[in-house]
Structures are given as C-alpha cells and as structure tokens.
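protein05.pdb follows (PDB, C-alpha atoms):
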ATOM      1  CA  MET G   1       0.000   0.000   0.000
ATOM      2  CA  SER G   2       2.272   2.697  -1.295
ATOM      3  CA  ASP G   3       1.485   6.393  -1.056
ATOM      4  CA  ASP G   4       4.033   7.364  -3.710
ATOM      5  CA  ASP G   5       1.434   7.524  -6.501
ATOM      6  CA  PRO G   6      -0.795  10.632  -6.159
ATOM      7  CA  GLY G   7      -3.730   8.509  -7.326
ATOM      8  CA  VAL G   8      -3.227   6.071  -4.461
ATOM      9  CA  GLY G   9      -3.980   6.628  -0.806
ATOM     10  CA  ARG G  10      -6.356   6.159   2.082
ATOM     11  CA  ARG G  11      -9.532   8.175   2.136
ATOM     12  CA  ALA G  12     -13.247   7.833   2.730
ATOM     13  CA  VAL G  13     -15.509   6.685  -0.103
ATOM     14  CA  THR G  14     -19.242   6.139  -0.294
ATOM     15  CA  GLU G  15     -20.884   2.738  -0.577
ATOM     16  CA  ALA G  16     -21.899   3.569  -4.153
ATOM     17  CA  GLU G  17     -18.311   4.516  -5.065
ATOM     18  CA  ALA G  18     -16.986   1.284  -3.560
ATOM     19  CA  ARG G  19     -19.551  -0.795  -5.449
ATOM     20  CA  ARG G  20     -18.841   0.874  -8.788
ATOM     21  CA  ALA G  21     -15.095   0.545  -8.285
ATOM     22  CA  SER G  22     -15.304  -3.150  -7.408
ATOM     23  CA  ARG G  23     -17.551  -4.030 -10.330
ATOM     24  CA  GLY G  24     -15.425  -2.046 -12.788
ATOM     25  CA  TRP G  25     -12.083  -3.271 -11.458
ATOM     26  CA  TRP G  26     -12.932  -6.960 -11.479
ATOM     27  CA  ASP G  27     -14.653  -6.737 -14.854
ATOM     28  CA  GLN G  28     -11.524  -5.195 -16.360
ATOM     29  CA  ASP G  29      -8.977  -7.237 -14.412
ATOM     30  CA  ALA G  30     -10.646 -10.641 -14.728
ATOM     31  CA  ASP G  31      -8.554 -11.863 -17.661
ATOM     32  CA  ALA G  32      -5.253 -10.743 -16.150
ATOM     33  CA  TYR G  33      -6.178 -12.171 -12.745
ATOM     34  CA  GLN G  34      -6.997 -15.576 -14.169
ATOM     35  CA  ALA G  35      -3.889 -15.576 -16.349
ATOM     36  CA  GLU G  36      -1.733 -14.906 -13.292
ATOM     37  CA  HIS G  37      -3.482 -16.989 -10.642
ATOM     38  CA  GLY G  38      -5.707 -19.462 -12.472
ATOM     39  CA  ALA G  39      -3.190 -22.300 -12.462
ATOM     40  CA  PHE G  40      -2.683 -21.997  -8.696
ATOM     41  CA  LEU G  41      -6.412 -21.770  -7.982
ATOM     42  CA  GLY G  42      -7.309 -24.634 -10.359
ATOM     43  CA  GLU G  43     -10.638 -25.323 -12.012
ATOM     44  CA  VAL G  44     -12.020 -27.774  -9.454
ATOM     45  CA  GLU G  45     -10.059 -26.874  -6.331
ATOM     46  CA  PHE G  46     -10.692 -25.053  -3.069
ATOM     47  CA  ARG G  47      -7.774 -22.988  -1.780
ATOM     48  CA  TRP G  48      -8.575 -20.570   0.980
ATOM     49  CA  CYS G  49      -5.623 -18.229   0.535
ATOM     50  CA  PRO G  50      -2.244 -17.518  -1.099
ATOM     51  CA  GLU G  51      -0.669 -19.694   1.584
ATOM     52  CA  GLY G  52      -2.343 -22.555  -0.282
ATOM     53  CA  LEU G  53      -4.534 -23.994   2.504
ATOM     54  CA  ARG G  54      -6.986 -26.459   0.931
ATOM     55  CA  GLU G  55     -10.490 -27.068   2.234
ATOM     56  CA  GLY G  56      -9.885 -30.756   1.562
ATOM     57  CA  ASP G  57      -7.258 -30.654   4.316
ATOM     58  CA  ALA G  58      -8.722 -28.026   6.664
ATOM     59  CA  HIS G  59     -12.438 -29.007   6.613
ATOM     60  CA  LEU G  60     -13.460 -25.556   7.836
ATOM     61  CA  LEU G  61     -16.938 -25.919   6.322
ATOM     62  CA  GLY G  62     -17.560 -29.250   8.023
ATOM     63  CA  PRO G  63     -19.344 -32.060   6.144
ATOM     64  CA  VAL G  64     -20.519 -30.751   2.763
ATOM     65  CA  ALA G  65     -22.144 -33.714   0.995
ATOM     66  CA  GLY G  66     -25.860 -33.046   0.596
ATOM     67  CA  LYS G  67     -25.550 -29.494   1.958
ATOM     68  CA  ARG G  68     -26.930 -26.428   0.194
ATOM     69  CA  ILE G  69     -24.076 -23.913  -0.058
ATOM     70  CA  ILE G  70     -23.626 -20.365  -1.369
ATOM     71  CA  GLU G  71     -20.289 -18.858  -2.371
ATOM     72  CA  VAL G  72     -20.361 -15.079  -1.925
ATOM     73  CA  GLY G  73     -17.885 -13.395  -4.254
ATOM     74  CA  ALA G  74     -17.014 -16.559  -6.132
ATOM     75  CA  GLY G  75     -14.729 -15.208  -8.848
ATOM     76  CA  ALA G  76     -14.188 -18.053 -11.311
ATOM     77  CA  ALA G  77     -15.971 -20.429  -8.880
ATOM     78  CA  ALA G  78     -13.263 -23.104  -8.608
ATOM     79  CA  ALA G  79     -14.156 -23.640  -4.924
ATOM     80  CA  SER G  80     -17.847 -24.035  -5.753
ATOM     81  CA  ARG G  81     -17.016 -26.671  -8.349
ATOM     82  CA  TRP G  82     -14.878 -28.544  -5.820
ATOM     83  CA  LEU G  83     -17.792 -28.556  -3.396
ATOM     84  CA  ALA G  84     -20.186 -29.719  -6.115
ATOM     85  CA  ALA G  85     -17.808 -32.578  -6.928
ATOM     86  CA  ALA G  86     -17.859 -33.444  -3.208
ATOM     87  CA  GLY G  87     -21.639 -33.827  -3.307
ATOM     88  CA  ALA G  88     -22.858 -30.387  -2.263
ATOM     89  CA  GLU G  89     -25.609 -28.348  -3.925
ATOM     90  CA  VAL G  90     -23.815 -25.069  -4.616
ATOM     91  CA  VAL G  91     -24.702 -21.634  -5.976
ATOM     92  CA  ALA G  92     -21.839 -19.281  -6.891
ATOM     93  CA  THR G  93     -22.465 -15.526  -6.813
ATOM     94  CA  ASP G  94     -20.326 -12.551  -7.803
ATOM     95  CA  LEU G  95     -20.811  -8.863  -8.530
ATOM     96  CA  SER G  96     -18.482  -8.986 -11.556
ATOM     97  CA  ALA G  97     -19.700 -10.211 -14.935
ATOM     98  CA  GLY G  98     -16.053 -10.474 -15.983
ATOM     99  CA  MET G  99     -15.237 -12.966 -13.248
ATOM    100  CA  LEU G 100     -18.451 -14.911 -13.879
ATOM    101  CA  ARG G 101     -17.421 -15.199 -17.521
ATOM    102  CA  HIS G 102     -14.397 -17.139 -16.316
ATOM    103  CA  ALA G 103     -16.674 -19.188 -14.075
ATOM    104  CA  VAL G 104     -18.670 -20.195 -17.169
ATOM    105  CA  THR G 105     -15.419 -21.187 -18.889
ATOM    106  CA  GLY G 106     -14.405 -23.235 -15.838
ATOM    107  CA  ASN G 107     -17.771 -24.982 -15.751
ATOM    108  CA  THR G 108     -17.383 -25.979 -19.390
ATOM    109  CA  ALA G 109     -13.717 -26.977 -19.237
ATOM    110  CA  SER G 110     -14.075 -29.068 -16.074
ATOM    111  CA  GLY G 111     -17.448 -30.619 -16.813
ATOM    112  CA  VAL G 112     -18.489 -29.691 -13.248
ATOM    113  CA  ARG G 113     -21.274 -27.170 -13.617
ATOM    114  CA  VAL G 114     -22.542 -24.971 -10.819
ATOM    115  CA  PRO G 115     -25.279 -22.334 -11.072
ATOM    116  CA  LEU G 116     -23.848 -18.819 -11.418
ATOM    117  CA  VAL G 117     -25.665 -15.694 -10.237
ATOM    118  CA  GLN G 118     -24.573 -12.090 -10.645
ATOM    119  CA  ALA G 119     -25.479 -10.482  -7.340
ATOM    120  CA  ASP G 120     -24.480  -7.832  -4.823
ATOM    121  CA  ALA G 121     -23.322  -9.498  -1.599
ATOM    122  CA  GLN G 122     -25.399  -7.021   0.388
ATOM    123  CA  ALA G 123     -28.612  -7.923  -1.458
ATOM    124  CA  LEU G 124     -28.497 -11.665  -2.122
ATOM    125  CA  PRO G 125     -31.470 -12.721  -4.284
ATOM    126  CA  PHE G 126     -32.491 -15.676  -2.122
ATOM    127  CA  PRO G 127     -35.162 -16.228   0.541
ATOM    128  CA  ASP G 128     -34.392 -16.312   4.246
ATOM    129  CA  GLU G 129     -32.670 -19.465   5.525
ATOM    130  CA  SER G 130     -31.924 -20.828   2.045
ATOM    131  CA  PHE G 131     -28.471 -22.312   2.741
ATOM    132  CA  ASP G 132     -26.727 -24.601   5.184
ATOM    133  CA  ILE G 133     -23.342 -22.979   4.569
ATOM    134  CA  ALA G 134     -22.085 -19.661   3.196
ATOM    135  CA  PHE G 135     -18.450 -18.961   2.462
ATOM    136  CA  THR G 136     -15.992 -16.823   0.561
ATOM    137  CA  ALA G 137     -12.240 -16.890   0.042
ATOM    138  CA  PHE G 138     -11.288 -13.200  -0.279
ATOM    139  CA  GLY G 139     -14.537 -12.332  -2.047
ATOM    140  CA  ALA G 140     -16.910  -9.457  -1.256
ATOM    141  CA  VAL G 141     -16.019  -8.816   2.405
ATOM    142  CA  PRO G 142     -12.935  -6.591   1.842
ATOM    143  CA  PHE G 143     -14.605  -4.555  -0.889
ATOM    144  CA  VAL G 144     -17.828  -3.234   0.673
ATOM    145  CA  ALA G 145     -17.995  -0.087   2.772
ATOM    146  CA  ASP G 146     -20.634  -1.511   5.131
ATOM    147  CA  SER G 147     -19.340  -5.002   5.842
ATOM    148  CA  ALA G 148     -21.541  -5.190   8.948
ATOM    149  CA  ALA G 149     -24.553  -5.055   6.593
ATOM    150  CA  LEU G 150     -23.010  -7.873   4.551
ATOM    151  CA  MET G 151     -22.753 -10.000   7.717
ATOM    152  CA  ARG G 152     -26.417  -9.384   8.452
ATOM    153  CA  GLU G 153     -27.373 -10.320   4.886
ATOM    154  CA  VAL G 154     -25.439 -13.581   5.065
ATOM    155  CA  PHE G 155     -27.035 -14.311   8.446
ATOM    156  CA  ARG G 156     -30.415 -13.862   6.787
ATOM    157  CA  VAL G 157     -29.837 -16.500   4.098
ATOM    158  CA  VAL G 158     -28.120 -19.064   6.369
ATOM    159  CA  ARG G 159     -30.262 -21.539   8.264
ATOM    160  CA  PRO G 160     -30.069 -21.943  12.048
ATOM    161  CA  GLY G 161     -27.181 -24.278  12.760
ATOM    162  CA  GLY G 162     -25.501 -23.255   9.517
ATOM    163  CA  ARG G 163     -22.008 -21.878   8.964
ATOM    164  CA  TRP G 164     -20.469 -18.700   7.555
ATOM    165  CA  VAL G 165     -16.739 -18.986   6.848
ATOM    166  CA  PHE G 166     -14.710 -16.274   5.132
ATOM    167  CA  ALA G 167     -11.062 -15.481   4.433
ATOM    168  CA  VAL G 168      -9.649 -11.962   4.236
ATOM    169  CA  THR G 169      -6.237 -10.334   4.309
ATOM    170  CA  HIS G 170      -5.033 -10.517   7.897
ATOM    171  CA  PRO G 171      -5.773  -7.112   9.450
ATOM    172  CA  MET G 172      -2.220  -6.687  10.754
ATOM    173  CA  ARG G 173      -0.978  -6.624   7.143
ATOM    174  CA  TRP G 174      -2.479  -3.137   6.843
ATOM    175  CA  ILE G 175       0.365  -1.843   8.994
ATOM    176  CA  PHE G 176       2.793  -2.533   6.137
ATOM    177  CA  LEU G 177       3.261  -1.564   2.496
ATOM    178  CA  ASP G 178       2.157  -3.993  -0.232
ATOM    179  CA  ASP G 179       5.735  -5.114  -0.761
ATOM    180  CA  PRO G 180       6.620  -8.829  -0.760
ATOM    181  CA  GLY G 181      10.285  -7.990  -0.089
ATOM    182  CA  GLU G 182      12.180  -6.433   2.785
ATOM    183  CA  GLY G 183      10.382  -3.116   2.261
ATOM    184  CA  GLY G 184       7.235  -4.884   3.435
ATOM    185  CA  LEU G 185       8.724  -5.709   6.825
ATOM    186  CA  VAL G 186       8.625  -2.138   8.165
ATOM    187  CA  ALA G 187       5.493  -0.831   9.876
ATOM    188  CA  VAL G 188       4.404   2.463   8.301
ATOM    189  CA  HIS G 189       0.625   2.716   8.854
ATOM    190  CA  SER G 190      -1.536   2.752  11.958
ATOM    191  CA  TYR G 191      -3.445  -0.470  12.527
ATOM    192  CA  PHE G 192      -6.324   1.704  13.699
ATOM    193  CA  ASP G 193      -6.577   3.778  10.504
ATOM    194  CA  ARG G 194      -9.780   2.369   9.069
ATOM    195  CA  ARG G 195      -9.859   4.514   5.952
ATOM    196  CA  PRO G 196      -9.939   2.296   2.856
ATOM    197  CA  TYR G 197      -7.089   1.918   0.418
ATOM    198  CA  VAL G 198      -8.193   3.696  -2.773
ATOM    199  CA  GLU G 199      -6.789   3.905  -6.282
ATOM    200  CA  SER G 200      -8.265   6.742  -8.336
ATOM    201  CA  THR G 201      -8.209   8.290 -11.778
ATOM    202  CA  ALA G 202      -6.627  11.710 -12.364
ATOM    203  CA  ALA G 203     -10.115  13.142 -11.874
ATOM    204  CA  GLY G 204     -10.367  11.499  -8.447
ATOM    205  CA  VAL G 205     -12.832   8.733  -9.398
ATOM    206  CA  PRO G 206     -12.146   5.583  -7.359
ATOM    207  CA  THR G 207     -11.181   2.592  -9.522
ATOM    208  CA  TYR G 208     -10.151   0.174  -6.752
ATOM    209  CA  VAL G 209     -11.297   0.217  -3.147
ATOM    210  CA  GLU G 210     -10.315  -2.193  -0.386
ATOM    211  CA  GLN G 211     -11.545  -1.846   3.172
ATOM    212  CA  HIS G 212      -9.654  -2.356   6.430
ATOM    213  CA  ARG G 213     -11.180  -3.614   9.659
ATOM    214  CA  THR G 214      -9.340  -4.655  12.805
ATOM    215  CA  LEU G 215      -9.787  -8.134  14.265
ATOM    216  CA  GLY G 216     -12.014  -6.603  16.925
ATOM    217  CA  ASP G 217     -14.111  -4.859  14.275
ATOM    218  CA  ARG G 218     -14.715  -8.136  12.468
ATOM    219  CA  ILE G 219     -15.737  -9.921  15.646
ATOM    220  CA  ARG G 220     -18.143  -7.126  16.575
ATOM    221  CA  GLU G 221     -19.676  -7.242  13.076
ATOM    222  CA  LEU G 222     -20.204 -10.982  13.357
ATOM    223  CA  VAL G 223     -21.611 -10.902  16.873
ATOM    224  CA  GLY G 224     -23.819  -7.950  15.949
ATOM    225  CA  ALA G 225     -25.270  -9.926  13.053
ATOM    226  CA  GLY G 226     -25.998 -12.891  15.338
ATOM    227  CA  PHE G 227     -23.135 -15.250  14.496
ATOM    228  CA  VAL G 228     -21.009 -17.157  16.983
ATOM    229  CA  LEU G 229     -17.264 -17.213  16.305
ATOM    230  CA  GLU G 230     -15.986 -20.790  16.480
ATOM    231  CA  ASP G 231     -12.429 -20.361  15.242
ATOM    232  CA  LEU G 232      -9.986 -17.858  13.787
ATOM    233  CA  VAL G 233      -7.510 -19.601  11.492
ATOM    234  CA  GLU G 234      -4.191 -17.930  10.608
ATOM    235  CA  PRO G 235      -2.574 -20.227   8.015
ATOM    236  CA  GLU G 236       1.175 -20.616   8.296
ATOM    237  CA  TRP G 237       3.329 -20.353   5.196
ATOM    238  CA  PRO G 238       4.270 -23.856   4.015
ATOM    239  CA  ASP G 239       7.883 -24.650   3.206
ATOM    240  CA  ASP G 240       6.990 -25.935  -0.269
ATOM    241  CA  ASN G 241       5.199 -22.732  -1.375
ATOM    242  CA  ALA G 242       7.692 -20.540  -3.239
ATOM    243  CA  GLN G 243       5.209 -18.321  -5.066
ATOM    244  CA  VAL G 244       4.827 -14.574  -4.675
ATOM    245  CA  TRP G 245       1.229 -13.359  -4.945
ATOM    246  CA  GLY G 246       1.042  -9.588  -4.669
ATOM    247  CA  GLN G 247       2.204  -8.749  -1.159
ATOM    248  CA  TRP G 248       2.210 -12.413  -0.086
ATOM    249  CA  SER G 249       5.624 -14.065  -0.192
ATOM    250  CA  PRO G 250       7.668 -16.738   1.587
ATOM    251  CA  LEU G 251       9.745 -13.995   3.234
ATOM    252  CA  ARG G 252       6.797 -12.286   4.872
ATOM    253  CA  GLY G 253       4.673 -15.386   5.297
ATOM    254  CA  ARG G 254       7.228 -17.057   7.549
ATOM    255  CA  LEU G 255       7.315 -14.028   9.867
ATOM    256  CA  PHE G 256       3.694 -12.956  10.315
ATOM    257  CA  PRO G 257       0.246 -14.026   9.091
ATOM    258  CA  GLY G 258      -1.149 -12.879   5.756
ATOM    259  CA  THR G 259      -4.622 -14.382   5.965
ATOM    260  CA  ALA G 260      -7.351 -14.561   8.609
ATOM    261  CA  ILE G 261     -10.167 -17.100   8.194
ATOM    262  CA  PHE G 262     -13.220 -16.557  10.397
ATOM    263  CA  VAL G 263     -15.213 -19.724  11.121
ATOM    264  CA  THR G 264     -18.647 -18.850  12.451
ATOM    265  CA  ALA G 265     -22.062 -20.411  12.995
ATOM    266  CA  ARG G 266     -25.638 -19.212  13.173
ATOM    267  CA  PRO G 267     -27.140 -20.514  16.445
TER     268      PRO G 267
END

Exercise: express the given structure as structure tokens:
Amino acid sequence: MSDDDPGVGRRAVTEAEARRASRGWWDQDADAYQAEHGAFLGEVEFRWCPEGLREGDAHLLGPVAGKRIIEVGAGAAAASRWLAAAGAEVVATDLSAGMLRHAVTGNTASGVRVPLVQADAQALPFPDESFDIAFTAFGAVPFVADSAALMREVFRVVRPGGRWVFAVTHPMRWIFLDDPGEGGLVAVHSYFDRRPYVESTAAGVPTYVEQHRTLGDRIRELVGAGFVLEDLVEPEWPDDNAQVWGQWSPLRGRLFPGTAIFVTARP
C-alpha cells in the first residue's frame, strides 16, 4: 500500500463509489487475474488463501455432501465446483460479470457445472434461511464499505445451525506496504486507521477500493449480526510454497500471518 502515486492513498468513499469501483475493477482485471493466478487456484479446487490452505485438508466448512451452499464473491468459482464434486448443492455468486465469464469457462472446461448468479453481496437474491453454509475466500467482504450489513445479509440466508466462513487479508498486514520484499517488513501505517485503500483516476474517481477492519471490528460485526465465532484460522506459510502473490511471499509469510479465516455459525 504505497502512497508514492498521487492517485493512491487512504480516504473515505461512499458505498456507491466502492460498489462501482469493485464491479469495474474486477470486470476489467478478470482476464489478467486468471492468467496470473488461475493455475494456482485450479478449475475444481478449493484454496482458501495464497498460503495454499486447501479445504480438503482443513475441513473448515464441516461435512458438505448433501448441503446447500452459497459462495459469496465466487470469482471463477473453482471452490464451488470442488464442493459440487464433493456432493454439495452449490450456488456461486459474484458482482463482476467479468469474473463470472471465467466461471462459465471453468464450468465448461471441467465438466463440473454450478449455477452462477450475478449479485451484490449485500442484497443476495435468495429467501431467508436458504443455505446450510455460506463462504468466501477473499470475495466481497474486503470490498464493501458496510461489511456489517453484509454480515447481516449472510445471516439472513443461512439456516439456524448453519455456517459462515470467510477469508480476508489478515488485518495486521495493513500496517505494512504492499511489498513482498524487505520493504514490506517495516510498519508504516496505523493499525487503527480504518480509511480504505483507494486507487483513483486523475479526476479522483475511485477505480479500486479495499476496506480495512481490525480483528475486533470483524468480531463485533459478526456478533452484531448474530453469528457465533468458532475459530480464527491464521494459516502458516508452508515450506513448499515458493510463489509470490502480490504482497504475499515466503519472506513475509514465515514471519507474520497474511490471511485470517473466520469460522462462524448461526445458532
């Protein structure tokens, strides 16, 4: 998160600005994102994070066979296809038509087809208590201005006894610059500065917006929505993972966490 570029910085944005920026960014970046990360993510695979943690090993969602599941912010929907192959009934949603285009391609190429729905995570087009499990791996949650409202919306569509599990950039990473090298080991920002990271055009129009919340903020959002926190997973960097993904790298990953996965349940 460098402040060297005058079009980059931390400042307040409206919910409408954040929504427009996210839709536009992911529509335009979808091809490049898949070209860079598609091989790592796979077509029928469920990786929670750049550290490479697989749901097949972690079982954070619990038993999935026969469960009705929604992926919120699915991207190319590789995780949804993995769940479908494991016997779940899955619906994959995303705000970006560009990312869903890659989800269609993945459905066709893999032969594992999951329903795809273009939807805002804060206004999911499903009745109350429609799903046993909701999840997302870096989708939706970091990109909305009112993430507490998103938690309430997910609570609405999850059945009592169901789960909501989501992965986001570990909040402590916001102390540092987005530098996978030694420059990313020096604290330069306040952990308590909750202004979003914003990239803008020369005219000041936001083109990319990512929100920061502290660990305490996230817990209060979840509890306020009605969820019970069961676990907070901070994946360690595995010795066999040599890839650099943005600000994630072996150097930083072996020193401090890059991902936080919140495992919650609706009572």

_Residues returned when the PyMOL selection byres ((chain G and resi 236) around 12) runs on this file, as a list in words_ =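 Applied to this file, the PyMOL selection byres ((chain G and resi 236) around 12) selects Cys49, Pro50, Glu51, Gly52, Leu53, His170, Val233, Glu234, Pro235, Trp237, Pro238, Asp239, Asp240, Asn241, Trp248, Ser249, Pro250, Leu251, Arg252, Gly253, Arg254, Leu255, Phe256, Pro257, Gly258, Thr259, Ala260 and Ile261 of chain G.
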
*Which residue gives the smallest distance to Ala76 (chain G) among G:Thr169, G:Gln34, G:Thr207, G:Thr108, with only C-alpha atoms counted?*
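Answer, going by the shortest atom-to-atom distance: G:Gln34.
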
*Kindly indicate which residue among G:Gly24, G:Gly226, G:Pro142, G:Pro180 lies nearest to Arg159 (chain G), using all atoms listed in the file for the distances.*
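Among G:Gly24, G:Gly226, G:Pro142, G:Pro180, it is G:Gly226 that comes nearest to Arg159 (chain G).
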
*Can you find the residues with an atom no farther than 7 Å from (-23.4, -15.5, -5.3), counting all atoms listed in the file, and report them as a list in words?*
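Collected hits near the coordinates: Ile70, Glu71, Val72, Gly73, Ala74, Val91, Ala92, Thr93, Asp94, Leu116, Val117, Gln118 and Ala119 of chain G.
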
With C-alpha atoms kept, could you save the residues just selected as a PDB file, in the coordinates of the input?
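Everything below was put into selection_7.pdb:
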ATOM      1  CA  ILE G  70     -23.626 -20.365  -1.369  1.00  0.00           C
ATOM      2  CA  GLU G  71     -20.289 -18.858  -2.371  1.00  0.00           C
ATOM      3  CA  VAL G  72     -20.361 -15.079  -1.925  1.00  0.00           C
ATOM      4  CA  GLY G  73     -17.885 -13.395  -4.254  1.00  0.00           C
ATOM      5  CA  ALA G  74     -17.014 -16.559  -6.132  1.00  0.00           C
ATOM      6  CA  VAL G  91     -24.702 -21.634  -5.976  1.00  0.00           C
ATOM      7  CA  ALA G  92     -21.839 -19.281  -6.891  1.00  0.00           C
ATOM      8  CA  THR G  93     -22.465 -15.526  -6.813  1.00  0.00           C
ATOM      9  CA  ASP G  94     -20.326 -12.551  -7.803  1.00  0.00           C
ATOM     10  CA  LEU G 116     -23.848 -18.819 -11.418  1.00  0.00           C
ATOM     11  CA  VAL G 117     -25.665 -15.694 -10.237  1.00  0.00           C
ATOM     12  CA  GLN G 118     -24.573 -12.090 -10.645  1.00  0.00           C
ATOM     13  CA  ALA G 119     -25.479 -10.482  -7.340  1.00  0.00           C
TER      14      ALA G 119
END

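The neighbours of Asp193 (chain G) here are the residues that come within 12 Å of it, using only C-alpha atoms and leaving out any residue fewer than 2 positions away in the same chain; they are Gly9, Arg10, Arg11, Ala12, Pro171, Met172, Trp174, Ile175, Val188, His189, Ser190, Tyr191, Arg195, Pro196, Tyr197, Gln211, His212, Arg213 and Thr214 of chain G.
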
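Distance annotation: of G:Ala86, G:Trp245, G:Val104, G:Tyr33, the residue with the minimal separation from Asp179 (chain G) is G:Trp245; atom set is all atoms listed in the file.
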
*Would you please work out which residue, of G:Ala32, G:Ala265, G:Ala109, G:Val8, is nearest to Val223 (chain G) when using only C-alpha atoms?*
G:Ala265

*Step by step, work through what the PyMOL selection byres ((chain G and resi 135) around 7) selects in the shown file, and finish by giving those residues as an MDAnalysis selection string.*
chainID G and resid 70:72 133:134 136:137 164:166

*Report the distance between CA of Arg266 (chain G) and CA of Leu41 (chain G) in Å, rounded to one decimal place.*
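One can read the CA of Arg266 (chain G) to CA of Leu41 (chain G) distance as 28.7 Å.
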
*asked:* Just want the 10 Å neighbourhood of Ser130 (chain G), counted on only C-alpha atoms, with same-chain residues fewer than 6 positions away dropped. Output as a ChimeraX atom specification.
replied: /G:68-70,156-159

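Taking all atoms listed in the file into account, Arg47 (chain G) lies nearest to G:Ala78 out of the set G:Val168, G:Ala187, G:Ala88, G:Ala78.
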
*Counting all atoms listed in the file, which of G:Gly111, G:Ala65, G:Val90, G:Glu129 gets nearest to Val44 (chain G)?*
G:Gly111

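Taking CA of Arg81 (chain G) and CA of Asn107 (chain G) as the two end points, the separation is 7.6 Å.
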
May I have the centre and edge lengths, in Å to one decimal, of an axis-aligned box around the listed atoms of region 55-70 of chain G with 4 Å added to every side, as JSON?
{"center_x": -17.1, "center_y": -27.0, "center_z": 3.3, "size_x": 27.7, "size_y": 21.3, "size_z": 17.4}
